[in-house]
Amino acid sequence: MSESHTTHKESVGGEHNLRFENSLTYSKNKVLQKATQVVESEVDRCVEDIMREKNINPEKDTSFRICMRTCLLQITGYKQLYLDVENVRKRPYDSDNAQHEKLLLKLWNLLMPKSKLKSRISKQWADIGFQGDDPKTDFRGMGILGLINLVYFSEKYTNEAHQILSRANHPRLGYSYAIVGINLTEMAYSLLKSEALKFHLYNFVPGMPTMEHFHQFYCYLVYEFDKFWFEEEPESIMYFNLYREKFHEKIKGLLMDCNVALTLKI
C-alpha cells in the first residue's frame, strides 16, 4: 500500500505567512489592510503599493518583492479556494444532469471493474458503501463535491481505492466506503472553512492553492482514516461518530504544526 507523509518544511510558508497575514489584517494602514482582500490579478499592483508605502527601493530589495508576492498569492489563493470549494459543495447532485450521472457511473466502473451495474437504481450500490438503491440521496450534505472527491481518489489511486474498499467490506471491522468518503469530504471542507488548512497549504503550495490541492488533501484523509479505523478496531460501526471525532482531533493536532504538509505519496 502507499504511504502518507507528515512532512516538516522550513521555508517561507506556514508560520511566516500567517504572521505576515495577521500584521496586514490588523494594520492601521489602509493600504496594508486592503492587501489581504485583493484578487490574483491585483497582486502585482498591491506589492508596488506596499513597497511605496513602506519606502522600500525595488531595485535594492528584489527579494522583498518576490517574497511579498508569494505571500499575497497564497493568502488570496486560500480565500479563493474556499469560495471555489463552497460553490461546488452548494451544487446538489442532479439525476437529470447527464454529467452528474456519468460521474456516478464512472465511480462504479473504477471501483467495480469486474462487476456490471445491472440498473441505475439498484441494491448493488451497497457494494461500494452507499446506503440505498439510489446514491443521489447520500450526496445531500456535500452536494456534487462528495462525488467528485470519491471519483478523484478512485481514479488517482485506483489500487489503493480497491484495497480500502476490500478492507471496508471486512466482516467485523467493515464500514460503508462511499458514506465514509462523503463524511471525509465534509471533514476536509470544514477544516478549510475554519482556516485550519492554512499551515498545510502555505507549506505545500508555493503559489495559489487550487481545487487539485483540496482533492489531494481529501485523499490523504481517506488513506489515513482507513489506517486509523483498523488500528483502533472499533467494537462496531455504531461507534463511528466517536472514532470519526477522534480522527478529526488527530488531524487538527497535526495541522497546528506551523511546518506541516500532509501528503499522500505513492
# chains A, B, ... in the order shown; residues from 1 in each chain; ligands from 1
call {"tool": "residues_around", "arguments": {"residues": "region 64-81 of chain A", "least_positions_apart": "5", "cutoff": "9 Å", "atoms": "only C-alpha atoms", "output": "PyMOL selection string"}}
result
chain A and resi 12-13+16-18+20-21+35-40+43-44+46-48+51+56+58+86+192+195+197-198+201-202+205-211+214
call {"tool": "write_last_selection", "arguments": {"atoms": "C-alpha atoms", "output": "mmCIF file, in the first residue's frame"}}
result
data_model
loop_
_atom_site.group_PDB
_atom_site.id
_atom_site.type_symbol
_atom_site.label_atom_id
_atom_site.label_comp_id
_atom_site.auth_asym_id
_atom_site.auth_seq_id
_atom_site.Cartn_x
_atom_site.Cartn_y
_atom_site.Cartn_z
ATOM 1 C CA VAL A 12 8.766 30.848 3.573
ATOM 2 C CA GLY A 13 5.492 29.194 4.340
ATOM 3 C CA HIS A 16 5.904 33.305 8.265
ATOM 4 C CA ASN A 17 2.810 33.672 6.078
ATOM 5 C CA LEU A 18 0.346 33.631 8.939
ATOM 6 C CA PHE A 20 2.522 38.373 7.706
ATOM 7 C CA GLU A 21 -1.209 37.945 7.038
ATOM 8 C CA ALA A 35 -3.746 43.737 0.734
ATOM 9 C CA THR A 36 -5.381 40.591 2.163
ATOM 10 C CA GLN A 37 -8.571 41.252 0.148
ATOM 11 C CA VAL A 38 -7.054 41.561 -3.335
ATOM 12 C CA VAL A 39 -7.680 39.053 -6.122
ATOM 13 C CA GLU A 40 -4.903 37.394 -8.143
ATOM 14 C CA VAL A 43 -1.427 41.193 -6.518
ATOM 15 C CA ASP A 44 1.427 42.804 -8.503
ATOM 16 C CA CYS A 46 -0.671 45.683 -4.479
ATOM 17 C CA VAL A 47 3.011 44.727 -3.974
ATOM 18 C CA GLU A 48 4.048 48.005 -5.648
ATOM 19 C CA MET A 51 6.673 48.963 -1.302
ATOM 20 C CA ILE A 56 11.271 50.107 0.013
ATOM 21 C CA PRO A 58 12.504 47.884 -5.618
ATOM 22 C CA GLU A 86 -18.107 26.155 -1.423
ATOM 23 C CA LEU A 192 -10.658 24.517 5.014
ATOM 24 C CA GLU A 195 -8.764 28.066 8.224
ATOM 25 C CA LEU A 197 -5.561 24.129 6.446
ATOM 26 C CA LYS A 198 -3.521 27.340 6.255
ATOM 27 C CA LEU A 201 -1.372 24.771 2.160
ATOM 28 C CA TYR A 202 1.101 27.605 2.803
ATOM 29 C CA VAL A 205 1.814 25.010 -2.343
ATOM 30 C CA PRO A 206 4.382 27.616 -3.452
ATOM 31 C CA GLY A 207 1.727 29.827 -5.081
ATOM 32 C CA MET A 208 -2.051 29.815 -5.243
ATOM 33 C CA PRO A 209 -3.724 26.652 -3.972
ATOM 34 C CA THR A 210 -6.304 25.110 -6.309
ATOM 35 C CA MET A 211 -9.124 22.528 -6.181
ATOM 36 C CA PHE A 214 -8.065 20.269 -1.868
#
call {"tool": "select_by_dssp", "arguments": {"residues": "region 36-85 of chain A", "states": "alpha helix (DSSP H)", "output": "JSON, numbers by chain"}}
result
{"A": [43, 44, 45, 46, 47, 48, 49, 50, 51, 52, 53, 62, 63, 64, 65, 66, 67, 68, 69, 70, 71, 72, 73, 74, 75, 76, 77, 78, 79, 80, 81, 82, 83, 84, 85]}
call {"tool": "residues_around", "arguments": {"residues": "Lys250 (chain A)", "least_positions_apart": "5", "cutoff": "12 Å", "atoms": "only C-alpha atoms", "output": "list in words"}}
result
Leu221, Glu224, Phe225, Phe228, Tyr243, Arg244, Glu245, Leu255, Met256 and Asp257 of chain A
call {"tool": "write_last_selection", "arguments": {"atoms": "N, CA, C and O atoms", "output": "PDB file, in the first residue's frame"}}
result
ATOM      1  N   LEU A 221      -6.786  12.156   3.777  1.00  0.00           N
ATOM      2  CA  LEU A 221      -7.741  11.814   4.832  1.00  0.00           C
ATOM      3  C   LEU A 221      -8.313  10.406   4.639  1.00  0.00           C
ATOM      4  O   LEU A 221      -8.425   9.641   5.598  1.00  0.00           O
ATOM      5  N   GLU A 224      -5.570   7.840   5.487  1.00  0.00           N
ATOM      6  CA  GLU A 224      -5.256   7.870   6.918  1.00  0.00           C
ATOM      7  C   GLU A 224      -6.418   7.367   7.776  1.00  0.00           C
ATOM      8  O   GLU A 224      -6.200   6.711   8.791  1.00  0.00           O
ATOM      9  N   PHE A 225      -7.649   7.692   7.371  1.00  0.00           N
ATOM     10  CA  PHE A 225      -8.798   7.251   8.168  1.00  0.00           C
ATOM     11  C   PHE A 225      -8.896   5.729   8.162  1.00  0.00           C
ATOM     12  O   PHE A 225      -9.147   5.111   9.201  1.00  0.00           O
ATOM     13  N   PHE A 228      -6.338   4.365  10.471  1.00  0.00           N
ATOM     14  CA  PHE A 228      -6.736   4.700  11.841  1.00  0.00           C
ATOM     15  C   PHE A 228      -7.843   3.765  12.331  1.00  0.00           C
ATOM     16  O   PHE A 228      -7.803   3.231  13.435  1.00  0.00           O
ATOM     17  N   TYR A 243     -15.284   7.592  16.794  1.00  0.00           N
ATOM     18  CA  TYR A 243     -13.950   7.417  16.197  1.00  0.00           C
ATOM     19  C   TYR A 243     -13.677   8.458  15.114  1.00  0.00           C
ATOM     20  O   TYR A 243     -12.543   8.871  14.916  1.00  0.00           O
ATOM     21  N   ARG A 244     -14.718   8.885  14.451  1.00  0.00           N
ATOM     22  CA  ARG A 244     -14.574   9.953  13.455  1.00  0.00           C
ATOM     23  C   ARG A 244     -14.079  11.222  14.144  1.00  0.00           C
ATOM     24  O   ARG A 244     -13.193  11.910  13.650  1.00  0.00           O
ATOM     25  N   GLU A 245     -14.653  11.521  15.316  1.00  0.00           N
ATOM     26  CA  GLU A 245     -14.260  12.723  16.058  1.00  0.00           C
ATOM     27  C   GLU A 245     -12.829  12.596  16.579  1.00  0.00           C
ATOM     28  O   GLU A 245     -12.063  13.550  16.563  1.00  0.00           O
ATOM     29  N   LEU A 255      -2.300  19.586  12.032  1.00  0.00           N
ATOM     30  CA  LEU A 255      -2.381  20.822  11.237  1.00  0.00           C
ATOM     31  C   LEU A 255      -1.959  22.066  12.020  1.00  0.00           C
ATOM     32  O   LEU A 255      -1.747  23.122  11.436  1.00  0.00           O
ATOM     33  N   MET A 256      -1.854  21.942  13.336  1.00  0.00           N
ATOM     34  CA  MET A 256      -1.435  23.090  14.153  1.00  0.00           C
ATOM     35  C   MET A 256       0.077  23.309  14.119  1.00  0.00           C
ATOM     36  O   MET A 256       0.575  24.346  14.530  1.00  0.00           O
ATOM     37  N   ASP A 257       0.810  22.309  13.609  1.00  0.00           N
ATOM     38  CA  ASP A 257       2.264  22.445  13.475  1.00  0.00           C
ATOM     39  C   ASP A 257       2.554  23.378  12.298  1.00  0.00           C
ATOM     40  O   ASP A 257       2.157  23.102  11.169  1.00  0.00           O
TER      41      ASP A 257
END
call {"tool": "residues_around", "arguments": {"residues": "region 92-98 of chain A", "least_positions_apart": "6", "cutoff": "10 Å", "atoms": "only C-alpha atoms", "output": "list in words"}}
result
Leu104, Asp134, Pro135, Lys136, Thr137, Asp138, Phe139, Arg140, Gly141, Met142, Gly143, Ile144, Leu145, Gly146 and Leu147 of chain A
call {"tool": "closest_residue", "arguments": {"among": "A:Glu42, A:Glu160, A:Asp49, A:Glu155", "to": "Asn109 (chain A)", "atoms": "only C-alpha atoms"}}
result
A:Glu155
call {"tool": "closest_residue", "arguments": {"among": "A:Tyr239, A:His213, A:Leu117, A:His248", "to": "Thr263 (chain A)", "atoms": "only C-alpha atoms"}}
result
A:His213
call {"tool": "atom_distance", "arguments": {"atom1": "CA of Val85 (chain A)", "atom2": "CA of Asn149 (chain A)"}}
result
11.1 Å
call {"tool": "closest_atom_pairs", "arguments": {"of": "region 72-167 of chain A", "to": "region 176-182 of chain A", "cutoff": "6 Å", "atoms": "only C-alpha atoms", "output": "tab-separated table"}}
result
residue	atom	partner	partner_atom	distance
A:Ile128	CA	A:Tyr177	CA	5.9
A:Gly129	CA	A:Ser176	CA	4.0
A:Phe130	CA	A:Ala178	CA	5.5
A:Gly146	CA	A:Ile182	CA	4.9
call {"tool": "closest_residue", "arguments": {"among": "A:Val222, A:Leu165, A:Ala196, A:Leu150", "to": "Lys106 (chain A)", "atoms": "only C-alpha atoms"}}
result
A:Leu150
